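**Q** Got structure.cif for you, mmCIF, C-alpha atoms and all ligand atoms:
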data_upload
loop_
_atom_site.label_atom_id
_atom_site.label_comp_id
_atom_site.auth_asym_id
_atom_site.auth_seq_id
_atom_site.Cartn_x
_atom_site.Cartn_y
_atom_site.Cartn_z
CA MET A 9 61.12 56.48 -3.18
CA LEU A 10 57.90 56.03 -1.24
CA LEU A 11 58.29 59.46 0.26
CA SER A 12 58.77 61.15 -3.11
CA LEU A 13 55.73 59.31 -4.46
CA ALA A 14 53.68 60.53 -1.53
CA ILE A 15 54.82 64.08 -2.18
CA LEU A 16 53.96 63.74 -5.85
CA ILE A 17 50.47 62.49 -5.00
CA SER A 18 49.92 65.28 -2.52
CA VAL A 19 50.95 67.87 -5.13
CA LEU A 20 48.70 66.37 -7.78
CA SER A 21 45.65 66.00 -5.58
CA PRO A 22 45.70 68.43 -2.68
CA SER A 23 41.98 67.88 -1.99
CA LEU A 24 42.63 64.26 -1.06
CA THR A 25 45.41 64.81 1.39
CA SER A 26 44.02 67.89 3.09
CA LYS A 27 40.83 66.26 4.27
CA GLY A 28 40.17 62.99 2.55
CA LYS A 29 40.82 59.46 3.72
CA TYR A 30 39.91 56.46 1.68
CA SER A 31 39.17 53.01 2.91
CA GLU A 32 40.63 50.03 1.06
CA ASN A 33 37.61 49.72 -1.17
CA ASP A 34 37.26 53.37 -2.06
CA SER A 35 39.68 54.35 -4.75
CA ALA A 36 40.31 58.01 -5.49
CA SER A 37 38.77 57.64 -8.91
CA ASP A 38 35.43 56.73 -7.31
CA CYS A 39 35.44 59.82 -5.25
CA VAL A 40 36.98 62.67 -7.21
CA LYS A 41 35.50 62.94 -10.66
CA THR A 42 35.10 65.45 -13.44
CA PHE A 43 32.21 65.08 -15.86
CA LYS A 44 32.54 66.93 -19.12
CA SER A 45 29.72 67.57 -21.55
CA GLU A 46 31.87 66.50 -24.49
CA GLU A 47 32.19 63.03 -22.91
CA GLY A 48 28.47 62.54 -22.37
CA LYS A 49 25.33 64.67 -22.04
CA GLU A 50 23.99 62.74 -19.07
CA GLY A 51 24.82 60.02 -16.59
CA THR A 52 24.75 58.99 -12.97
CA PHE A 53 27.12 59.43 -10.06
CA THR A 54 27.02 58.03 -6.53
CA SER A 55 28.78 58.10 -3.21
CA PRO A 56 31.60 55.49 -2.97
CA ARG A 57 30.36 51.88 -2.76
CA TYR A 58 26.68 52.90 -3.16
CA PRO A 59 24.30 51.26 -2.20
CA GLU A 60 26.66 49.75 0.33
CA GLU A 61 27.54 51.81 3.36
CA TYR A 62 30.14 54.52 2.71
CA SER A 63 33.15 55.01 5.00
CA SER A 64 33.47 57.88 7.40
CA GLY A 65 36.10 60.57 7.13
CA GLN A 66 36.25 61.23 3.43
CA GLN A 67 35.54 64.08 1.09
CA CYS A 68 34.44 63.48 -2.48
CA LYS A 69 34.23 66.04 -5.21
CA TYR A 70 32.24 65.75 -8.43
CA GLU A 71 32.83 68.52 -10.92
CA PHE A 72 30.64 69.25 -13.96
CA ILE A 73 31.84 71.21 -16.94
CA GLY A 74 29.45 71.92 -19.78
CA ASN A 75 29.80 73.75 -23.06
CA PRO A 76 29.28 77.55 -22.82
CA GLU A 77 25.63 77.36 -23.91
CA GLU A 78 24.79 74.59 -21.45
CA ARG A 79 23.46 74.45 -17.91
CA VAL A 80 24.18 71.63 -15.48
CA GLN A 81 21.19 69.90 -13.93
CA VAL A 82 21.72 67.49 -11.03
CA ILE A 83 18.92 65.35 -9.65
CA PHE A 84 19.50 63.62 -6.29
CA GLU A 85 17.30 60.57 -6.64
CA GLU A 86 18.12 59.12 -3.25
CA VAL A 87 20.08 60.56 -0.34
CA GLN A 88 20.60 58.65 2.90
CA LEU A 89 23.41 60.08 5.00
CA TYR A 90 24.47 59.38 8.56
CA TYR A 91 22.42 61.63 10.81
CA ILE A 92 22.26 61.58 14.60
CA SER A 93 18.90 63.17 15.28
CA ASN A 94 15.70 61.15 15.01
CA ASP A 95 14.17 62.98 12.11
CA ALA A 96 16.64 62.59 9.28
CA LYS A 97 13.95 63.59 6.78
CA ASP A 98 13.71 67.06 8.27
CA PRO A 99 17.24 68.00 9.32
CA THR A 100 17.70 71.43 10.84
CA GLU A 101 21.49 71.73 10.83
CA CYS A 102 23.81 70.34 8.17
CA THR A 103 27.18 71.61 9.36
CA SER A 104 29.66 69.30 11.17
CA ILE A 105 27.74 66.28 9.92
CA ASP A 106 27.78 64.18 6.75
CA SER A 107 26.54 66.42 3.99
CA ILE A 108 26.24 67.19 0.30
CA ARG A 109 27.15 70.68 -0.79
CA VAL A 110 26.19 71.95 -4.24
CA GLN A 111 28.20 74.86 -5.56
CA ILE A 112 28.06 77.12 -8.60
CA LYS A 113 30.47 79.68 -10.00
CA ASP A 114 29.34 83.28 -9.84
CA GLU A 115 31.85 85.70 -11.38
CA GLY A 116 34.68 83.33 -10.51
CA ASP A 117 33.62 82.73 -6.90
CA LEU A 118 32.19 79.45 -5.67
CA LYS A 119 28.76 79.88 -4.07
CA ASP A 120 26.58 77.32 -2.31
CA ILE A 121 23.16 76.73 -3.80
CA GLY A 122 22.40 73.80 -1.55
CA LEU A 123 23.63 72.08 1.60
CA PHE A 124 21.85 68.82 2.35
CA CYS A 125 22.08 66.18 5.07
CA GLY A 126 19.98 63.37 6.48
CA GLU A 127 17.56 61.87 3.98
CA MET A 128 15.81 63.24 0.91
CA ASP A 129 14.75 62.19 -2.56
CA ASN A 130 14.21 63.75 -5.96
CA ARG A 131 15.88 67.07 -5.32
CA GLN A 132 16.71 68.82 -8.59
CA LEU A 133 19.18 71.72 -8.99
CA MET A 134 20.46 73.73 -11.94
CA SER A 135 23.52 75.92 -12.43
CA PRO A 136 23.26 79.48 -13.81
CA ASN A 137 26.08 78.69 -16.25
CA GLN A 138 28.17 75.77 -17.48
CA PHE A 139 29.76 74.83 -14.11
CA MET A 140 28.62 72.94 -11.05
CA GLU A 141 30.36 71.18 -8.20
CA VAL A 142 29.05 68.63 -5.72
CA ILE A 143 31.01 67.96 -2.53
CA PHE A 144 30.20 64.95 -0.41
CA ASP A 145 31.62 65.11 3.11
CA SER A 146 31.52 62.28 5.61
CA VAL A 147 32.76 63.22 9.03
CA GLU A 148 35.36 61.09 10.82
CA ARG A 149 33.81 58.87 13.53
CA GLU A 150 34.18 55.59 15.36
CA GLU A 151 32.78 52.83 13.18
CA SER A 152 30.87 51.44 16.17
CA SER A 153 28.85 54.65 16.42
CA ILE A 154 27.06 53.80 13.19
CA LYS A 155 23.69 52.37 14.15
CA ALA A 156 22.34 51.42 10.76
CA PRO A 157 23.75 51.15 7.26
CA PHE A 158 23.66 54.39 5.34
CA LYS A 159 23.68 54.08 1.58
CA GLY A 160 25.02 57.51 0.72
CA PHE A 161 23.53 59.03 -2.41
CA LYS A 162 22.63 58.35 -6.00
CA ALA A 163 22.22 61.19 -8.49
CA ARG A 164 21.78 61.90 -12.18
CA TYR A 165 23.34 64.76 -14.10
CA LYS A 166 22.45 66.36 -17.41
CA PHE A 167 24.00 69.06 -19.55
CA LEU A 168 21.04 70.98 -20.94
CA THR A 169 20.48 73.78 -23.42
CA ASN A 170 16.71 73.91 -22.84
CA PHE A 171 16.86 75.19 -19.23
CA GLY A 172 14.69 72.24 -18.21
CA ILE A 173 11.74 73.73 -20.08
CA TYR A 174 9.94 71.13 -22.17
CA THR A 175 7.12 72.97 -23.95
CA GLY A 176 7.06 75.69 -26.63
CA ILE A 177 9.71 76.23 -29.28
CA GLN A 178 13.08 77.50 -28.10
CA ASP A 179 14.35 80.34 -30.31
CA LYS A 180 18.05 79.59 -29.83
CA ALA A 181 19.83 76.97 -27.77
CA ASP A 182 21.62 79.44 -25.50
CA LYS A 183 18.64 81.74 -24.95
CA CYS A 184 15.78 81.09 -22.58
CA ILE A 185 13.11 82.29 -25.00
CA PHE A 186 10.25 79.91 -25.78
CA THR A 187 7.46 80.63 -28.28
CA PHE A 188 3.95 79.24 -28.10
CA THR A 189 1.73 79.73 -31.16
CA SER A 190 -1.99 79.22 -31.38
CA ARG A 191 -1.46 77.45 -34.69
CA GLN A 192 0.55 74.79 -32.89
CA ALA A 193 -1.59 74.33 -29.82
CA LYS A 194 -4.64 76.17 -28.51
CA SER A 195 -3.74 75.32 -24.96
CA GLY A 196 -0.92 73.80 -22.94
CA MET A 197 1.43 74.19 -20.02
CA PHE A 198 4.69 75.99 -19.31
CA THR A 199 7.01 76.21 -16.31
CA SER A 200 9.87 78.18 -14.84
CA PRO A 201 13.35 76.78 -15.64
CA ASN A 202 14.28 73.51 -13.87
CA TYR A 203 10.75 73.09 -12.48
CA PRO A 204 9.84 71.38 -10.11
CA GLY A 205 13.38 71.92 -8.80
CA ASP A 206 14.59 75.35 -7.73
CA TYR A 207 15.08 77.74 -10.63
CA PRO A 208 18.68 78.69 -11.49
CA ARG A 209 20.12 82.04 -10.42
CA ASN A 210 20.81 84.99 -12.75
CA THR A 211 18.39 83.69 -15.34
CA GLU A 212 15.84 85.46 -17.49
CA CYS A 213 13.29 83.43 -19.43
CA GLN A 214 10.70 84.74 -21.83
CA TYR A 215 7.56 82.91 -22.87
CA VAL A 216 6.17 84.46 -26.05
CA PHE A 217 2.56 83.80 -27.03
CA LYS A 218 1.31 84.37 -30.56
CA GLY A 219 -2.39 84.07 -31.27
CA GLU A 220 -4.14 84.34 -34.64
CA MET A 221 -4.50 87.99 -35.72
CA GLU A 222 -7.52 87.40 -37.98
CA GLU A 223 -9.32 85.46 -35.29
CA GLU A 224 -8.73 88.31 -32.82
CA GLU A 225 -7.32 85.84 -30.39
CA ILE A 226 -6.10 86.62 -26.92
CA VAL A 227 -4.23 84.38 -24.51
CA GLN A 228 -5.12 83.58 -20.96
CA ILE A 229 -2.43 82.47 -18.50
CA HIS A 230 -3.36 80.67 -15.33
CA PHE A 231 -0.83 79.90 -12.55
CA LEU A 232 -1.38 76.48 -11.00
CA THR A 233 1.58 76.82 -8.65
CA PHE A 234 3.61 79.93 -7.82
CA SER A 235 6.66 80.33 -5.55
CA VAL A 236 8.99 83.10 -6.66
CA GLU A 237 11.39 84.51 -4.07
CA GLY A 238 10.75 88.17 -3.39
CA ILE A 239 8.72 90.89 -1.74
CA LYS A 240 6.48 93.55 -3.27
CA PRO A 241 6.85 95.51 -5.46
CA CYS A 242 9.03 92.62 -6.74
CA THR A 243 11.76 94.92 -8.08
CA GLU A 244 15.55 94.68 -8.13
CA GLU A 245 15.61 97.19 -5.24
CA THR A 246 13.80 94.65 -3.04
CA LYS A 247 16.23 91.91 -4.23
CA SER A 248 13.28 90.07 -5.73
CA ASP A 249 12.92 87.53 -8.45
CA SER A 250 9.82 88.24 -10.49
CA VAL A 251 7.33 87.29 -13.15
CA SER A 252 6.18 90.18 -15.33
CA PHE A 253 3.95 90.53 -18.37
CA SER A 254 3.90 92.54 -21.54
CA ASN A 255 1.52 93.11 -24.41
CA PHE A 256 4.42 94.57 -26.40
CA GLY A 257 7.48 93.35 -28.26
CA PHE A 258 11.02 92.96 -27.01
CA ARG A 259 12.48 95.57 -24.65
CA ILE A 260 9.30 97.59 -24.26
CA SER A 261 7.89 97.29 -20.78
CA ASP A 262 4.21 97.23 -20.01
CA ARG A 263 3.70 99.44 -16.99
CA LYS A 264 0.03 98.72 -16.55
CA MET A 265 0.71 95.08 -15.75
CA SER A 266 2.05 94.49 -12.24
CA LYS A 267 4.96 92.19 -11.48
CA LEU A 268 4.39 89.08 -9.43
CA CYS A 269 6.55 87.49 -6.71
CA GLY A 270 6.15 85.73 -3.36
CA ASN A 271 4.36 82.46 -2.74
CA PHE A 272 0.78 83.55 -2.54
CA LEU A 273 -1.33 84.80 -5.43
CA SER A 274 -4.90 85.99 -5.06
CA THR A 275 -7.52 84.46 -7.37
CA HIS A 276 -7.41 87.70 -9.32
CA GLN A 277 -3.60 87.50 -9.74
CA ARG A 278 -3.67 83.84 -10.69
CA THR A 279 -5.24 84.48 -14.09
CA VAL A 280 -3.68 86.97 -16.50
CA THR A 281 -5.22 87.88 -19.85
CA SER A 282 -3.59 89.59 -22.82
CA ASP A 283 -5.03 92.60 -24.68
CA GLY A 284 -4.38 91.12 -28.08
CA PRO A 285 -2.83 88.17 -29.91
CA TYR A 286 0.74 88.93 -28.78
CA PHE A 287 1.81 88.39 -25.17
CA ARG A 288 4.99 87.85 -23.21
CA VAL A 289 5.61 86.39 -19.76
CA ILE A 290 9.04 87.24 -18.36
CA PHE A 291 10.63 85.32 -15.50
CA LYS A 292 13.72 86.84 -13.91
CA SER A 293 15.92 85.54 -11.09
CA ASN A 294 18.80 87.35 -9.38
CA SER A 295 22.03 86.14 -7.77
CA VAL A 296 20.64 85.39 -4.28
CA TYR A 297 17.98 83.00 -2.90
CA ASP A 298 16.03 80.50 -4.93
CA ASP A 299 12.58 78.99 -4.99
CA LYS A 300 10.53 76.50 -6.97
CA GLY A 301 9.09 78.90 -9.52
CA PHE A 302 5.79 78.22 -11.24
CA GLU A 303 3.70 75.94 -13.35
CA ALA A 304 1.12 77.63 -15.56
CA SER A 305 -1.40 76.78 -18.23
CA TYR A 306 -2.16 78.90 -21.29
CA GLN A 307 -5.16 79.02 -23.55
CA PHE A 308 -5.75 80.95 -26.73
CA LYS A 309 -9.32 82.07 -27.29
CA LYS A 310 -11.39 84.57 -29.22
CA LYS A 311 -11.53 88.02 -27.70
CA LYS A 312 -15.25 88.34 -28.33
CA GLY A 313 -17.94 85.81 -27.54
CA HIS A 314 -18.69 83.93 -24.38
CA SER A 315 -15.77 83.13 -22.12
CA MET A 316 -15.05 79.52 -21.32
CA ARG A 317 -14.31 78.46 -17.80
CA PHE A 318 -10.62 78.01 -17.47
CA TYR A 319 -9.50 74.65 -16.18
CA GLU A 320 -7.80 74.54 -12.80
CA CA A 401 16.59 85.12 -6.08
#
Take the structure I supplied and represent it as structure tokens, if you would.
Ligand SMILES: [Ca+2]

**A**
Amino acid sequence: MLLSLAILISVLSPSLTSKGKYSENDSASDCVKTFKSEEGKEGTFTSPRYPEEYSSGQQCKYEFIGNPEERVQVIFEEVQLYYISNDAKDPTECTSIDSIRVQIKDEGDLKDIGLFCGEMDNRQLMSPNQFMEVIFDSVEREESSIKAPFKGFKARYKFLTNFGIYTGIQDKADKCIFTFTSRQAKSGMFTSPNYPGDYPRNTECQYVFKGEMEEEEIVQIHFLTFSVEGIKPCTEETKSDSVSFSNFGFRISDRKMSKLCGNFLSTHQRTVTSDGPYFRVIFKSNSVYDDKGFEASYQFKKKKGHSMRFYE
């Protein structure tokens, strides 16, 4: 009877038996969880027994399943894992040690978008689609080798349709297109998706600016921060993510305006001005490597007349 029960359990939850081991206080339900958007748009999850010390030799899996138009955002508020080197805040190697692995699904395959160990706080990640998986691994060790209590981790999750962009008007919930009109606000801010966390992969976002025609308004964009993975000329051939600009409507490129990527912009590149009242900023990420993206300000102003100094 016991044997058949054990077989049944091993069939039902292969991930537990292959690697996991639970101490008396850690039940499987604490450690293997699926969060579905239909059951709640946000919440928290933690390592077993948080903020008490977690046991060694276990693997936990937290799976997130959103609706098709949603992205999963996970924010690690506090991470304190067992780490042998002195500088846990700047770990160099996260394999064969307690770690948190964040995975996404790309055309059916699981891909890592983050592997963390040691200590960190406020790390924010976003999936390129409705799935995400977080694996917490604690390596088997002698209990006596633990020198200090390690809390594990505490994180928040959200199922979002706004790509983590909080200004402008989103055209449609599943599209990363945000419109900023002069009528609504003469100036403001906008960011890459999931800022200040890494931007999601395979994502294109458009920021559409509409000034007043009669006033002959133009818009001026100023990048306060800029970190977009890529090398010049920031094209798909160089496997680059990019920020590009257009004075024209949808699907017409503007060849006179150069694409931006990398993590250094000259003073000249930092400020971009439109020809007329209509302007588009296009952010595009590919399926490899991520970065923080950008934070920018915009300001509508009259084309003629004295130019105001733009705030930094
Ligand atoms: Ca990339």

**Q** For a test of reading the model, state the distance in Å between CA of Thr279 (chain A) and CA of Ile229 (chain A), rounded to one decimal.

**A**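 CA of Ile229 (chain A) lies 5.6 Å from CA of Thr279 (chain A).
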
**Q** Of the candidates A:Ala96, A:Val147, A:Met140, A:Ile226, which one gets nearest to Cys125 (chain A) if we count only C-alpha atoms?

**A** A:Ala96

**Q** Could you list, as an MDAnalysis selection string, all protein and nucleic acid residues with an atom at most 10 Å from ligand CA 401 (chain A), counting only C-alpha atoms and all ligand atoms?

**A** chainID A and resid 207:211 236:238 244 247:250 292:299

**Q** Could you pull the residues within 7 Å of Arg79 (chain A), counting all atoms listed in the file, minus those fewer than 5 positions along the same chain, as a list in words?

**A**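 My list of contacting residues is Gly74, Met134, Ser135, Pro136, Asn137, Gln138, Phe167, Leu168, Thr169 and Phe171 of chain A.
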
**Q** Kindly indicate which residue among A:Glu127, A:Glu101, A:Asp179, A:Asp262 lies nearest to Tyr215 (chain A), using only C-alpha atoms for the distances.

**A**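 Selected residue with least distance to Tyr215 (chain A): A:Asp179.
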
**Q** When you look at Arg131 (chain A) with a cut-off of 8 Å (counting only C-alpha atoms), what residues show up, excluding the ones that are within fewer than 6 positions of it in the same chain? I need them as a list of chain:residue names.

**A**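 With the cut-off at 8 Å, the set is A:Ile83, A:Phe84, A:Glu85, A:Gly205.
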
**Q** Skip Phe287 (chain A) itself and residues of its chain fewer than 4 positions away, then list as a list of chain:residue names all residues within 10 Å of it, counting all atoms listed in the file.

**A**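 My list of contacting residues is A:Phe188, A:Tyr215, A:Val216, A:Phe217, A:Lys218, A:Gly219, A:Ile226, A:Val227, A:Gln228, A:Ile229, A:Phe253, A:Ser254, A:Asn255, A:Phe256, A:Gly257, A:Thr281, A:Ser282, A:Asp283.
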
**Q** Using only C-alpha atoms, determine which residues lie at most 7 Å from Phe43 (chain A), disregarding the query and same-chain residues fewer than 3 positions distant; provide the list as a list in words.

**A** Glu71, Phe72 and Ile73 of chain A

**Q** Between CA of Lys49 (chain A) and CA of Lys180 (chain A), what is the spacing in Å?

**A**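 Atom-to-atom, CA of Lys180 (chain A) and CA of Lys49 (chain A) are spaced 18.3 Å apart.
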
**Q** How many Å separate CA of Ile143 (chain A) from CA of Glu60 (chain A)?

**A**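 Separating CA of Ile143 (chain A) from CA of Glu60 (chain A) is a distance of 18.9 Å.
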
**Q** Counting all atoms listed in the file, which residues come within 10 Å of (16.0, 55.3, -4.1), with the point read in the file's coordinates, and could you list them as a list in words?

**A**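 These residues have at least one counted atom within 10 Å: Pro59, Phe84, Glu85, Glu86, Val87, Gln88, Met128, Asp129, Asn130, Lys159, Phe161, Lys162 and Ala163 of chain A.
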
**Q** Name the closest residue to Pro201 (chain A) among the candidates A:Val80, A:Val142, A:Leu268, A:Ile105; distances are taken between atoms, counting only C-alpha atoms.

**A**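 Of the candidates, the smallest distance to Pro201 (chain A) is held by A:Val80.
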
**Q** Check the smallest atom-to-atom distance from each of A:Gly301, A:Ile92, A:Gly126, A:Lys166 to Glu47 (chain A) using only C-alpha atoms, then report the winner.

**A**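 When distances to Glu47 (chain A) are compared using only C-alpha atoms, the smallest one comes from A:Lys166.
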
**Q** Could you tell me which of A:Val251, A:Thr175, A:Phe124, A:Phe234 comes closest to Asp98 (chain A) if we count only C-alpha atoms?

**A**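 Using only C-alpha atoms, the shortest distance to Asp98 (chain A) belongs to A:Phe124.
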
**Q** Which residue gives the smallest distance to Thr187 (chain A) among A:Asn271, A:Ser200, A:Gln214, A:Ser266, with all atoms listed in the file counted?

**A**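 Ranking A:Asn271, A:Ser200, A:Gln214, A:Ser266 by distance to Thr187 (chain A), first place goes to A:Gln214.
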
**Q** Please rebuild region 83-114 of chain A with N, CA and C atoms and give the result as a short mmCIF file (atom, residue, chain, number, x, y, z; two decimals), in the coordinates of the input.

**A**
data_model
loop_
_atom_site.label_atom_id
_atom_site.label_comp_id
_atom_site.auth_asym_id
_atom_site.auth_seq_id
_atom_site.Cartn_x
_atom_site.Cartn_y
_atom_site.Cartn_z
N ILE A 83 20.11 65.83 -10.34
CA ILE A 83 18.92 65.35 -9.65
C ILE A 83 19.34 64.29 -8.63
N PHE A 84 19.20 64.60 -7.34
CA PHE A 84 19.50 63.62 -6.29
C PHE A 84 18.28 62.71 -6.16
N GLU A 85 18.43 61.50 -6.66
CA GLU A 85 17.30 60.57 -6.64
C GLU A 85 17.10 59.97 -5.25
N GLU A 86 18.21 59.67 -4.59
CA GLU A 86 18.12 59.12 -3.25
C GLU A 86 19.32 59.61 -2.42
N VAL A 87 19.01 60.12 -1.24
CA VAL A 87 20.08 60.56 -0.34
C VAL A 87 19.79 59.96 1.04
N GLN A 88 20.75 59.24 1.57
CA GLN A 88 20.60 58.65 2.90
C GLN A 88 21.95 58.75 3.59
N LEU A 89 22.14 59.83 4.34
CA LEU A 89 23.41 60.08 5.00
C LEU A 89 23.29 59.86 6.50
N TYR A 90 24.42 59.57 7.12
CA TYR A 90 24.47 59.38 8.56
C TYR A 90 23.98 60.64 9.24
N TYR A 91 23.01 60.48 10.13
CA TYR A 91 22.42 61.63 10.81
C TYR A 91 22.04 61.23 12.23
N ILE A 92 22.43 62.03 13.22
CA ILE A 92 22.26 61.58 14.60
C ILE A 92 20.86 61.83 15.16
N SER A 93 20.21 62.88 14.71
CA SER A 93 18.90 63.17 15.28
C SER A 93 17.88 62.14 14.78
N ASN A 94 16.71 62.14 15.39
CA ASN A 94 15.70 61.15 15.01
C ASN A 94 15.08 61.42 13.65
N ASP A 95 14.85 62.68 13.36
CA ASP A 95 14.17 62.98 12.11
C ASP A 95 15.14 63.37 11.00
N ALA A 96 15.68 62.35 10.36
CA ALA A 96 16.64 62.59 9.28
C ALA A 96 15.98 63.20 8.06
N LYS A 97 14.66 63.06 7.95
CA LYS A 97 13.95 63.59 6.78
C LYS A 97 13.71 65.09 6.89
N ASP A 98 13.91 65.62 8.10
CA ASP A 98 13.71 67.06 8.27
C ASP A 98 14.86 67.65 9.08
N PRO A 99 16.08 67.55 8.55
CA PRO A 99 17.24 68.00 9.32
C PRO A 99 17.26 69.52 9.46
N THR A 100 17.70 69.98 10.62
CA THR A 100 17.70 71.43 10.84
C THR A 100 19.09 72.02 10.66
N GLU A 101 20.12 71.19 10.85
CA GLU A 101 21.49 71.73 10.83
C GLU A 101 22.38 70.75 10.06
N CYS A 102 23.01 71.23 9.00
CA CYS A 102 23.81 70.34 8.17
C CYS A 102 25.31 70.58 8.26
N THR A 103 25.74 71.41 9.21
CA THR A 103 27.18 71.61 9.36
C THR A 103 27.72 70.61 10.39
N SER A 104 28.99 70.27 10.29
CA SER A 104 29.66 69.30 11.17
C SER A 104 29.00 67.93 11.17
N ILE A 105 28.37 67.60 10.08
CA ILE A 105 27.74 66.28 9.92
C ILE A 105 27.89 65.89 8.45
N ASP A 106 27.68 64.63 8.14
CA ASP A 106 27.78 64.18 6.75
C ASP A 106 26.84 65.02 5.88
N SER A 107 27.36 65.51 4.79
CA SER A 107 26.54 66.42 3.99
C SER A 107 26.90 66.40 2.51
N ILE A 108 26.01 66.97 1.73
CA ILE A 108 26.24 67.19 0.30
C ILE A 108 26.10 68.68 0.05
N ARG A 109 27.14 69.25 -0.52
CA ARG A 109 27.15 70.68 -0.79
C ARG A 109 27.15 70.88 -2.31
N VAL A 110 26.24 71.68 -2.81
CA VAL A 110 26.19 71.95 -4.24
C VAL A 110 26.64 73.38 -4.47
N GLN A 111 27.63 73.54 -5.34
CA GLN A 111 28.20 74.86 -5.56
C GLN A 111 28.15 75.27 -7.03
N ILE A 112 28.02 76.57 -7.24
CA ILE A 112 28.06 77.12 -8.60
C ILE A 112 29.16 78.18 -8.65
N LYS A 113 29.50 78.60 -9.85
CA LYS A 113 30.47 79.68 -10.00
C LYS A 113 29.74 80.95 -10.38
N ASP A 114 29.96 81.99 -9.56
CA ASP A 114 29.34 83.28 -9.84
C ASP A 114 30.46 84.31 -9.92
#
